[in-house]
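The file model_21.txt contains compact mmCIF, C-alpha atoms and all ligand atoms:
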# COMPACT_ATOMS: atom_id res chain seq x y z
CA MET W 1 151.06 121.94 61.10
CA ARG W 2 147.50 123.29 60.96
CA LYS W 3 145.98 122.15 57.70
CA LYS W 4 142.66 122.45 55.91
CA ILE W 5 141.29 118.93 55.80
CA VAL W 6 138.22 117.43 54.17
CA ALA W 7 137.81 113.81 55.23
CA GLY W 8 135.12 111.48 53.95
CA ASN W 9 133.64 108.78 56.14
CA TRP W 10 132.00 106.18 53.93
CA LYS W 11 130.80 104.23 56.98
CA CYS W 12 129.39 100.76 56.12
CA ASN W 13 128.64 101.62 52.49
CA THR W 14 129.87 100.42 49.06
CA THR W 15 131.22 97.09 47.90
CA VAL W 16 134.95 97.01 47.11
CA LYS W 17 134.16 97.51 43.41
CA GLU W 18 131.86 100.47 44.13
CA GLY W 19 134.36 101.94 46.57
CA VAL W 20 137.20 101.76 44.06
CA GLU W 21 135.00 103.44 41.43
CA LEU W 22 134.10 106.19 43.90
CA ALA W 23 137.76 106.64 44.89
CA LYS W 24 138.80 106.84 41.23
CA SER W 25 136.15 109.48 40.54
CA VAL W 26 137.22 111.53 43.58
CA ASN W 27 140.85 111.15 42.56
CA GLU W 28 140.18 112.36 39.02
CA LEU W 29 138.12 115.34 40.18
CA VAL W 30 140.57 116.33 42.90
CA LEU W 31 143.56 116.12 40.55
CA THR W 32 141.88 118.18 37.84
CA LYS W 33 139.65 120.58 39.79
CA GLY W 34 140.41 120.30 43.50
CA ALA W 35 141.65 123.11 45.74
CA LYS W 36 145.37 122.45 46.04
CA ASP W 37 145.74 123.50 49.66
CA VAL W 38 143.13 121.12 51.07
CA VAL W 39 144.20 117.75 52.44
CA VAL W 40 141.78 115.11 51.16
CA VAL W 41 141.13 111.91 53.11
CA LEU W 42 138.89 108.97 52.18
CA GLY W 43 137.68 106.94 55.17
CA THR W 44 136.81 103.55 53.74
CA PRO W 45 135.78 100.19 55.20
CA PHE W 46 138.75 97.96 56.15
CA THR W 47 138.06 95.64 53.21
CA HIS W 48 138.59 98.50 50.74
CA LEU W 49 141.79 100.04 52.10
CA THR W 50 144.38 98.32 49.90
CA SER W 51 142.33 98.67 46.71
CA VAL W 52 141.52 102.32 47.37
CA VAL W 53 145.16 103.12 48.19
CA ASP W 54 146.12 101.52 44.86
CA ALA W 55 143.40 103.43 42.97
CA VAL W 56 144.37 106.96 44.04
CA ASP W 57 147.36 109.27 43.70
CA ALA W 58 149.10 108.95 47.05
CA ASN W 59 150.55 112.44 46.68
CA ARG W 60 147.07 113.93 46.66
CA ILE W 61 144.62 111.57 48.37
CA ASN W 62 145.06 110.06 51.81
CA VAL W 63 143.22 106.97 52.93
CA ALA W 64 141.83 106.35 56.43
CA SER W 65 140.35 103.42 58.26
CA GLN W 66 137.21 104.18 60.27
CA ASN W 67 138.38 102.29 63.33
CA CYS W 68 141.23 100.10 64.59
CA ALA W 69 141.78 97.39 67.16
CA ALA W 70 142.66 98.46 70.69
CA GLU W 71 145.35 95.78 70.85
CA PRO W 72 148.50 95.54 68.72
CA LYS W 73 147.89 91.90 67.66
CA GLY W 74 146.88 88.51 68.93
CA ALA W 75 143.77 86.46 69.63
CA PHE W 76 141.12 89.09 68.91
CA THR W 77 138.94 87.48 66.27
CA GLY W 78 137.55 89.93 63.75
CA GLU W 79 139.73 92.85 64.80
CA VAL W 80 142.02 94.84 62.50
CA SER W 81 145.21 96.17 64.05
CA VAL W 82 146.89 99.50 63.36
CA SER W 83 149.94 97.75 61.87
CA MET W 84 147.62 95.90 59.45
CA ILE W 85 146.02 99.23 58.51
CA LYS W 86 149.45 100.75 58.02
CA SER W 87 150.47 97.85 55.78
CA THR W 88 147.66 98.76 53.33
CA GLY W 89 149.17 102.22 52.81
CA ALA W 90 146.42 104.03 54.73
CA THR W 91 147.77 106.95 56.75
CA TYR W 92 144.83 108.12 58.89
CA VAL W 93 142.61 106.37 61.46
CA ILE W 94 139.23 107.73 62.56
CA ILE W 95 138.96 107.13 66.31
CA GLY W 96 135.97 107.52 68.62
CA HIS W 97 133.25 108.21 66.07
CA SER W 98 129.96 108.62 67.96
CA GLU W 99 128.50 105.58 66.19
CA ARG W 100 131.30 103.47 67.61
CA ARG W 101 130.92 104.99 71.06
CA GLU W 102 127.17 104.40 70.99
CA TYR W 103 126.75 101.05 69.20
CA TYR W 104 130.01 99.37 70.23
CA HIS W 105 130.32 100.93 73.68
CA GLU W 106 133.77 102.39 73.11
CA THR W 107 135.00 104.08 76.27
CA SER W 108 137.74 106.64 76.81
CA GLU W 109 139.96 103.81 78.06
CA THR W 110 139.54 101.92 74.77
CA LEU W 111 140.04 105.09 72.74
CA ASN W 112 143.28 105.84 74.56
CA LYS W 113 144.66 102.45 73.55
CA LYS W 114 143.65 103.10 69.93
CA LEU W 115 145.20 106.58 70.02
CA ALA W 116 148.46 105.26 71.44
CA LEU W 117 148.74 102.46 68.86
CA THR W 118 147.89 104.80 65.97
CA LEU W 119 150.49 107.36 67.04
CA GLU W 120 153.06 104.64 67.70
CA GLN W 121 152.68 103.42 64.10
CA GLY W 122 153.04 106.96 62.75
CA LEU W 123 149.46 107.21 61.47
CA THR W 124 147.31 110.29 62.02
CA PRO W 125 144.31 109.91 64.33
CA ILE W 126 141.15 111.84 63.52
CA TYR W 127 139.69 111.91 67.01
CA CYS W 128 135.93 112.49 67.16
CA CYS W 129 134.00 114.15 69.97
CA GLY W 130 130.54 115.63 70.28
CA GLU W 131 127.37 115.67 72.34
CA ALA W 132 123.91 114.14 72.00
CA LEU W 133 120.79 116.27 71.55
CA ALA W 134 119.72 116.09 75.23
CA ILE W 135 123.08 117.52 76.28
CA ARG W 136 122.83 120.34 73.74
CA GLU W 137 119.28 121.09 74.93
CA ALA W 138 120.48 121.19 78.54
CA GLY W 139 123.21 123.64 77.49
CA THR W 140 126.00 121.47 78.91
CA GLN W 141 127.72 120.64 75.60
CA ASN W 142 130.96 122.45 76.46
CA ALA W 143 131.45 120.55 79.72
CA PHE W 144 130.60 117.28 77.95
CA VAL W 145 133.08 117.78 75.12
CA LYS W 146 135.75 118.98 77.58
CA LYS W 147 135.36 115.75 79.55
CA GLN W 148 135.69 113.65 76.38
CA LEU W 149 138.91 115.50 75.52
CA ASP W 150 140.27 115.60 79.09
CA GLU W 151 139.93 111.82 79.34
CA THR W 152 141.69 111.11 76.03
CA VAL W 153 143.68 113.38 73.73
CA PHE W 154 144.42 115.95 76.45
CA LEU W 155 146.36 113.25 78.30
CA LEU W 156 148.86 113.18 75.43
CA PRO W 157 152.12 115.10 75.64
CA LYS W 158 152.36 118.15 73.40
CA GLU W 159 154.44 116.41 70.70
CA GLN W 160 151.76 113.74 70.28
CA LEU W 161 148.76 116.06 70.51
CA LEU W 162 150.27 118.02 67.62
CA LYS W 163 149.86 114.89 65.47
CA VAL W 164 146.14 114.55 66.20
CA VAL W 165 143.28 115.98 64.15
CA ILE W 166 140.18 116.70 66.24
CA ALA W 167 136.69 116.41 64.72
CA TYR W 168 133.74 117.92 66.58
CA GLU W 169 130.57 116.16 65.52
CA PRO W 170 127.35 116.95 67.41
CA ILE W 171 125.46 113.64 67.34
CA TRP W 172 122.17 115.38 66.64
CA ALA W 173 123.60 116.68 63.37
CA ILE W 174 125.07 113.41 62.08
CA GLY W 175 123.11 111.96 59.18
CA THR W 176 120.05 113.97 60.18
CA GLY W 177 120.27 116.76 57.62
CA LYS W 178 120.18 119.10 60.62
CA THR W 179 123.53 120.91 60.57
CA ALA W 180 124.74 122.82 63.58
CA SER W 181 124.44 126.52 62.81
CA THR W 182 127.65 128.11 61.65
CA GLN W 183 127.77 129.97 64.97
CA GLN W 184 127.27 126.80 67.04
CA ALA W 185 130.05 125.05 65.11
CA GLN W 186 132.43 128.01 65.31
CA ASP W 187 131.70 128.51 69.03
CA MET W 188 132.50 124.90 69.89
CA LEU W 189 135.66 124.78 67.79
CA ALA W 190 136.85 128.06 69.31
CA TYR W 191 136.08 126.62 72.75
CA ILE W 192 138.14 123.48 71.99
CA ARG W 193 141.01 125.61 70.67
CA GLY W 194 140.81 127.69 73.84
CA LEU W 195 141.06 124.53 75.95
CA ILE W 196 144.18 123.50 74.05
CA ALA W 197 145.68 126.97 74.53
CA ALA W 198 145.01 126.83 78.28
CA LYS W 199 146.31 123.29 78.74
CA TYR W 200 149.24 123.37 76.31
CA SER W 201 149.91 126.78 74.77
CA LYS W 202 148.54 129.28 72.26
CA GLU W 203 151.13 128.10 69.76
CA VAL W 204 149.99 124.47 70.06
CA ALA W 205 146.33 125.54 69.74
CA ALA W 206 147.14 127.46 66.58
CA GLU W 207 148.76 124.37 65.04
CA ILE W 208 145.96 121.84 65.52
CA SER W 209 143.42 121.16 62.79
CA ILE W 210 139.89 121.00 64.19
CA LEU W 211 137.13 119.81 61.88
CA TYR W 212 133.37 120.09 62.00
CA GLY W 213 131.18 117.11 61.10
CA GLY W 214 127.43 116.66 60.92
CA SER W 215 125.36 116.98 57.73
CA CYS W 216 128.04 119.10 56.13
CA SER W 217 127.15 119.42 52.45
CA ALA W 218 127.97 121.26 49.27
CA SER W 219 125.38 123.89 50.23
CA ASN W 220 126.59 124.72 53.75
CA ALA W 221 130.33 123.96 53.62
CA ASN W 222 131.25 127.37 52.30
CA GLU W 223 129.75 129.21 55.27
CA LEU W 224 131.06 126.70 57.79
CA PHE W 225 134.60 126.78 56.38
CA SER W 226 134.65 130.59 56.38
CA GLN W 227 134.85 130.53 60.18
CA PRO W 228 138.22 131.21 61.79
CA ASP W 229 138.36 128.04 63.88
CA ILE W 230 136.88 125.56 61.40
CA ASP W 231 139.72 123.84 59.56
CA GLY W 232 137.56 121.57 57.43
CA GLY W 233 135.05 118.80 57.76
CA LEU W 234 134.43 115.15 58.46
CA ILE W 235 131.84 114.25 55.86
CA GLY W 236 129.52 111.24 55.95
CA GLY W 237 126.66 111.08 53.44
CA ALA W 238 128.01 113.73 51.09
CA SER W 239 131.32 111.87 50.71
CA LEU W 240 129.56 109.06 48.83
CA LYS W 241 129.05 111.22 45.76
CA ALA W 242 132.28 112.35 44.12
CA ALA W 243 130.86 115.62 42.76
CA ASP W 244 129.36 116.63 46.13
CA PHE W 245 132.59 115.74 47.90
CA LEU W 246 134.56 117.86 45.43
CA SER W 247 132.24 120.81 46.05
CA ILE W 248 132.96 120.53 49.77
CA ILE W 249 136.71 120.33 49.12
CA ASN W 250 136.40 123.46 46.99
CA ALA W 251 134.22 125.28 49.53
CA TYR W 252 137.22 127.13 50.95
C1 LIG W 301 129.89 111.41 60.15
O1 LIG W 301 129.37 110.33 60.29
O2 LIG W 301 131.05 111.59 60.52
C2 LIG W 301 129.10 112.48 59.54
C3 LIG W 301 129.48 113.70 59.69
O3 LIG W 301 127.98 112.09 58.83
P1 LIG W 301 127.02 113.05 57.96
O4 LIG W 301 127.89 113.98 57.19
O5 LIG W 301 126.25 112.12 57.08
O6 LIG W 301 126.15 113.77 58.94
How would this structure read if it were set down as structure tokens?
Amino acid sequence: MRKKIVAGNWKCNTTVKEGVELAKSVNELVLTKGAKDVVVVLGTPFTHLTSVVDAVDANRINVASQNCAAEPKGAFTGEVSVSMIKSTGATYVIIGHSERREYYHETSETLNKKLALTLEQGLTPIYCCGEALAIREAGTQNAFVKKQLDETVFLLPKEQLLKVVIAYEPIWAIGTGKTASTQQAQDMLAYIRGLIAAKYSKEVAAEISILYGGSCSASNANELFSQPDIDGGLIGGASLKAADFLSIINAY
């Protein structure tokens, strides 16, 4: 079902102790002051998952890993499988973040394996897509994002696609303080929803949550979330401060 979602991505920040403190602060604020109809997700480092799951109210706060192994188990030193993530109590997995595509060379083939394993284990993938600055400047961002989706989530049957959350994150807006304009974000999310309608159906398109990510903050979330196709945000920097994160959750 289409939901309003605000998901934090802590990236490679916080020790376990700091992460648990942050999670407890978010939990307290969300329980006492948070908009009730917004799904809240905390994307923590692998090392924090169990402790953060234990520190929050599972009825209100969901926990995500920021990545997963592309194999179910075995001799893959340093990898963390989806079943391991599931065993911590986490329920979401961020897949295909641009930092992973860029720094760890994740391809559509790898992402498809991660998507399949995540869905198989009953966890919710937050699938990231988005173009670099040169592509935006060339005006070919729609074709670029379409290709990313065609090669991955659009290969899924309808029943599985309905379980995926899509996050559009223009790379030039991530961590740069340079947010996409509200119109640019709305246009891309409407375009993605239109692609889903054409490939699957209007009903399926209306059911999928599509998030915007890229320097979303307490000051711009309200305008971004007022758009008809923006169902929430994937939040990096601003998710590291509980009060800022709460303001974004309450921006609806
Ligand atoms: C992200 O990394 O997913 C992100 C959106 O980061 P930031 O909010 O810091 O731009």
- Message: Which residues are near ligand LIG 301 (chain W) in this structure, taking near to mean any atom at most 9 Å from a ligand atom and counting only C-alpha atoms and all ligand atoms? Format them as a ChimeraX atom specification.
- Response: /W:7-11,97-99,128,167,169-179,212-217,233-239
Could you dump the residues just selected with C-alpha atoms as a PDB file, in the frame of the given file?
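In the end it all went to again-v7.pdb:
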ATOM      1  CA  ALA W   7     137.810 113.810  55.230  1.00  0.00           C
ATOM      2  CA  GLY W   8     135.120 111.480  53.950  1.00  0.00           C
ATOM      3  CA  ASN W   9     133.640 108.780  56.140  1.00  0.00           C
ATOM      4  CA  TRP W  10     132.000 106.180  53.930  1.00  0.00           C
ATOM      5  CA  LYS W  11     130.800 104.230  56.980  1.00  0.00           C
ATOM      6  CA  HIS W  97     133.250 108.210  66.070  1.00  0.00           C
ATOM      7  CA  SER W  98     129.960 108.620  67.960  1.00  0.00           C
ATOM      8  CA  GLU W  99     128.500 105.580  66.190  1.00  0.00           C
ATOM      9  CA  CYS W 128     135.930 112.490  67.160  1.00  0.00           C
ATOM     10  CA  ALA W 167     136.690 116.410  64.720  1.00  0.00           C
ATOM     11  CA  GLU W 169     130.570 116.160  65.520  1.00  0.00           C
ATOM     12  CA  PRO W 170     127.350 116.950  67.410  1.00  0.00           C
ATOM     13  CA  ILE W 171     125.460 113.640  67.340  1.00  0.00           C
ATOM     14  CA  TRP W 172     122.170 115.380  66.640  1.00  0.00           C
ATOM     15  CA  ALA W 173     123.600 116.680  63.370  1.00  0.00           C
ATOM     16  CA  ILE W 174     125.070 113.410  62.080  1.00  0.00           C
ATOM     17  CA  GLY W 175     123.110 111.960  59.180  1.00  0.00           C
ATOM     18  CA  THR W 176     120.050 113.970  60.180  1.00  0.00           C
ATOM     19  CA  GLY W 177     120.270 116.760  57.620  1.00  0.00           C
ATOM     20  CA  LYS W 178     120.180 119.100  60.620  1.00  0.00           C
ATOM     21  CA  THR W 179     123.530 120.910  60.570  1.00  0.00           C
ATOM     22  CA  TYR W 212     133.370 120.090  62.000  1.00  0.00           C
ATOM     23  CA  GLY W 213     131.180 117.110  61.100  1.00  0.00           C
ATOM     24  CA  GLY W 214     127.430 116.660  60.920  1.00  0.00           C
ATOM     25  CA  SER W 215     125.360 116.980  57.730  1.00  0.00           C
ATOM     26  CA  CYS W 216     128.040 119.100  56.130  1.00  0.00           C
ATOM     27  CA  SER W 217     127.150 119.420  52.450  1.00  0.00           C
ATOM     28  CA  GLY W 233     135.050 118.800  57.760  1.00  0.00           C
ATOM     29  CA  LEU W 234     134.430 115.150  58.460  1.00  0.00           C
ATOM     30  CA  ILE W 235     131.840 114.250  55.860  1.00  0.00           C
ATOM     31  CA  GLY W 236     129.520 111.240  55.950  1.00  0.00           C
ATOM     32  CA  GLY W 237     126.660 111.080  53.440  1.00  0.00           C
ATOM     33  CA  ALA W 238     128.010 113.730  51.090  1.00  0.00           C
ATOM     34  CA  SER W 239     131.320 111.870  50.710  1.00  0.00           C
TER      35      SER W 239
END
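Distances from W:Lys146, W:Leu224, W:Gly74, W:Cys68 to Lys114 of chain W were compared using only C-alpha atoms, and the smallest one belongs to W:Cys68.
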- Task: Up to 10 Å from (134.8, 124.4, 70.8) in the file's coordinates: name the residues, counting all atoms listed in the file, as an MDAnalysis selection string.
- Result: chainID W and resid 130 141:142 145:146 168 184:196 210 212 229:230
Give me the residues within 12 Å of Glu21 of chain W as a short mmCIF file (atom, residue, chain, number, x, y, z; two decimals) with C-alpha atoms, in the frame of the given file, counting only C-alpha atoms and dropping any in the same chain fewer than 3 places off.
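out-v1.cif, written as the output of this step:
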data_model
loop_
_atom_site.label_atom_id
_atom_site.label_comp_id
_atom_site.auth_asym_id
_atom_site.auth_seq_id
_atom_site.Cartn_x
_atom_site.Cartn_y
_atom_site.Cartn_z
CA THR W 14 129.87 100.42 49.06
CA THR W 15 131.22 97.09 47.90
CA VAL W 16 134.95 97.01 47.11
CA LYS W 17 134.16 97.51 43.41
CA GLU W 18 131.86 100.47 44.13
CA LYS W 24 138.80 106.84 41.23
CA SER W 25 136.15 109.48 40.54
CA VAL W 26 137.22 111.53 43.58
CA ASN W 27 140.85 111.15 42.56
CA GLU W 28 140.18 112.36 39.02
CA HIS W 48 138.59 98.50 50.74
CA SER W 51 142.33 98.67 46.71
CA VAL W 52 141.52 102.32 47.37
CA ASP W 54 146.12 101.52 44.86
CA ALA W 55 143.40 103.43 42.97
CA VAL W 56 144.37 106.96 44.04
CA LEU W 240 129.56 109.06 48.83
CA LYS W 241 129.05 111.22 45.76
CA ALA W 242 132.28 112.35 44.12
#
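Comparing W:Lys113, W:Ser83, W:Ile166, W:Ile5 by their smallest distance to Asp37 of chain W, the closest is W:Ile5 (using all atoms listed in the file).
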What are the centre and the three edge lengths of an axis-aligned box that wraps all atoms of segment 191-199 of chain W in the file, given that 8 Å is added to every side, written as lines of an AutoDock Vina configuration file and rounded to one decimal in Å?
center_x = 141.2
center_y = 125.5
center_z = 74.7
size_x = 26.2
size_y = 20.4
size_z = 24.1
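Take atom CA of Thr118 of chain W and atom CA of Arg60 of chain W: the distance between them is 21.4 Å.
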All heavy atoms for segment 21-32 of chain W, written as a JSON list (two decimals), keeping the file's coordinate frame, could you do that?
[["chain", "number", "residue", "atom", "x", "y", "z"],
["W", 21, "GLU", "N", 135.53, 102.50, 42.45],
["W", 21, "GLU", "CA", 135.00, 103.44, 41.43],
["W", 21, "GLU", "C", 134.84, 104.83, 42.02],
["W", 21, "GLU", "O", 135.21, 105.84, 41.41],
["W", 21, "GLU", "CB", 133.66, 102.92, 40.90],
["W", 21, "GLU", "CG", 133.85, 101.91, 39.79],
["W", 21, "GLU", "CD", 132.60, 101.07, 39.51],
["W", 21, "GLU", "OE1", 131.50, 101.50, 39.89],
["W", 21, "GLU", "OE2", 132.76, 100.00, 38.91],
["W", 22, "LEU", "N", 134.29, 104.89, 43.23],
["W", 22, "LEU", "CA", 134.10, 106.19, 43.90],
["W", 22, "LEU", "C", 135.46, 106.86, 44.13],
["W", 22, "LEU", "O", 135.64, 108.06, 43.84],
["W", 22, "LEU", "CB", 133.37, 105.97, 45.23],
["W", 22, "LEU", "CG", 133.19, 107.17, 46.15],
["W", 22, "LEU", "CD1", 132.45, 108.31, 45.45],
["W", 22, "LEU", "CD2", 132.43, 106.76, 47.42],
["W", 23, "ALA", "N", 136.42, 106.08, 44.62],
["W", 23, "ALA", "CA", 137.76, 106.64, 44.89],
["W", 23, "ALA", "C", 138.40, 107.16, 43.60],
["W", 23, "ALA", "O", 139.03, 108.23, 43.60],
["W", 23, "ALA", "CB", 138.64, 105.57, 45.53],
["W", 24, "LYS", "N", 138.23, 106.41, 42.51],
["W", 24, "LYS", "CA", 138.80, 106.84, 41.23],
["W", 24, "LYS", "C", 138.15, 108.14, 40.77],
["W", 24, "LYS", "O", 138.84, 109.04, 40.26],
["W", 24, "LYS", "CB", 138.62, 105.75, 40.16],
["W", 24, "LYS", "CG", 139.62, 104.62, 40.29],
["W", 24, "LYS", "CD", 139.44, 103.63, 39.14],
["W", 24, "LYS", "CE", 140.48, 102.52, 39.22],
["W", 24, "LYS", "NZ", 140.13, 101.39, 38.36],
["W", 25, "SER", "N", 136.84, 108.25, 40.94],
["W", 25, "SER", "CA", 136.15, 109.48, 40.54],
["W", 25, "SER", "C", 136.63, 110.66, 41.38],
["W", 25, "SER", "O", 136.90, 111.74, 40.87],
["W", 25, "SER", "CB", 134.63, 109.35, 40.73],
["W", 25, "SER", "OG", 134.15, 108.28, 39.99],
["W", 26, "VAL", "N", 136.74, 110.45, 42.70],
["W", 26, "VAL", "CA", 137.22, 111.53, 43.58],
["W", 26, "VAL", "C", 138.64, 111.92, 43.17],
["W", 26, "VAL", "O", 138.97, 113.10, 43.02],
["W", 26, "VAL", "CB", 137.18, 111.10, 45.07],
["W", 26, "VAL", "CG1", 137.87, 112.12, 45.95],
["W", 26, "VAL", "CG2", 135.75, 110.87, 45.54],
["W", 27, "ASN", "N", 139.46, 110.91, 42.93],
["W", 27, "ASN", "CA", 140.85, 111.15, 42.56],
["W", 27, "ASN", "C", 140.93, 112.03, 41.30],
["W", 27, "ASN", "O", 141.64, 113.03, 41.27],
["W", 27, "ASN", "CB", 141.53, 109.79, 42.31],
["W", 27, "ASN", "CG", 143.00, 109.90, 42.07],
["W", 27, "ASN", "OD1", 143.74, 110.37, 42.93],
["W", 27, "ASN", "ND2", 143.46, 109.48, 40.91],
["W", 28, "GLU", "N", 140.17, 111.64, 40.29],
["W", 28, "GLU", "CA", 140.18, 112.36, 39.02],
["W", 28, "GLU", "C", 139.73, 113.81, 39.22],
["W", 28, "GLU", "O", 140.38, 114.76, 38.75],
["W", 28, "GLU", "CB", 139.23, 111.61, 38.05],
["W", 28, "GLU", "CG", 138.99, 112.27, 36.71],
["W", 28, "GLU", "CD", 140.25, 112.26, 35.84],
["W", 28, "GLU", "OE1", 141.16, 111.49, 36.14],
["W", 28, "GLU", "OE2", 140.30, 113.07, 34.88],
["W", 29, "LEU", "N", 138.64, 113.99, 39.96],
["W", 29, "LEU", "CA", 138.12, 115.34, 40.18],
["W", 29, "LEU", "C", 139.09, 116.19, 41.01],
["W", 29, "LEU", "O", 139.31, 117.37, 40.71],
["W", 29, "LEU", "CB", 136.76, 115.28, 40.89],
["W", 29, "LEU", "CG", 135.59, 114.77, 40.04],
["W", 29, "LEU", "CD1", 134.34, 114.59, 40.90],
["W", 29, "LEU", "CD2", 135.30, 115.74, 38.89],
["W", 30, "VAL", "N", 139.65, 115.58, 42.03],
["W", 30, "VAL", "CA", 140.57, 116.33, 42.90],
["W", 30, "VAL", "C", 141.82, 116.73, 42.12],
["W", 30, "VAL", "O", 142.30, 117.87, 42.22],
["W", 30, "VAL", "CB", 140.92, 115.53, 44.17],
["W", 30, "VAL", "CG1", 142.07, 116.17, 44.93],
["W", 30, "VAL", "CG2", 139.70, 115.41, 45.07],
["W", 31, "LEU", "N", 142.34, 115.80, 41.30],
["W", 31, "LEU", "CA", 143.56, 116.12, 40.55],
["W", 31, "LEU", "C", 143.31, 117.20, 39.51],
["W", 31, "LEU", "O", 144.18, 118.04, 39.26],
["W", 31, "LEU", "CB", 144.10, 114.87, 39.85],
["W", 31, "LEU", "CG", 144.73, 113.80, 40.75],
["W", 31, "LEU", "CD1", 145.20, 112.61, 39.92],
["W", 31, "LEU", "CD2", 145.89, 114.35, 41.56],
["W", 32, "THR", "N", 142.13, 117.22, 38.92],
["W", 32, "THR", "CA", 141.88, 118.18, 37.84],
["W", 32, "THR", "C", 141.25, 119.48, 38.33],
["W", 32, "THR", "O", 141.50, 120.54, 37.78],
["W", 32, "THR", "CB", 140.98, 117.56, 36.74],
["W", 32, "THR", "OG1", 139.80, 117.04, 37.37],
["W", 32, "THR", "CG2", 141.69, 116.44, 36.01]]
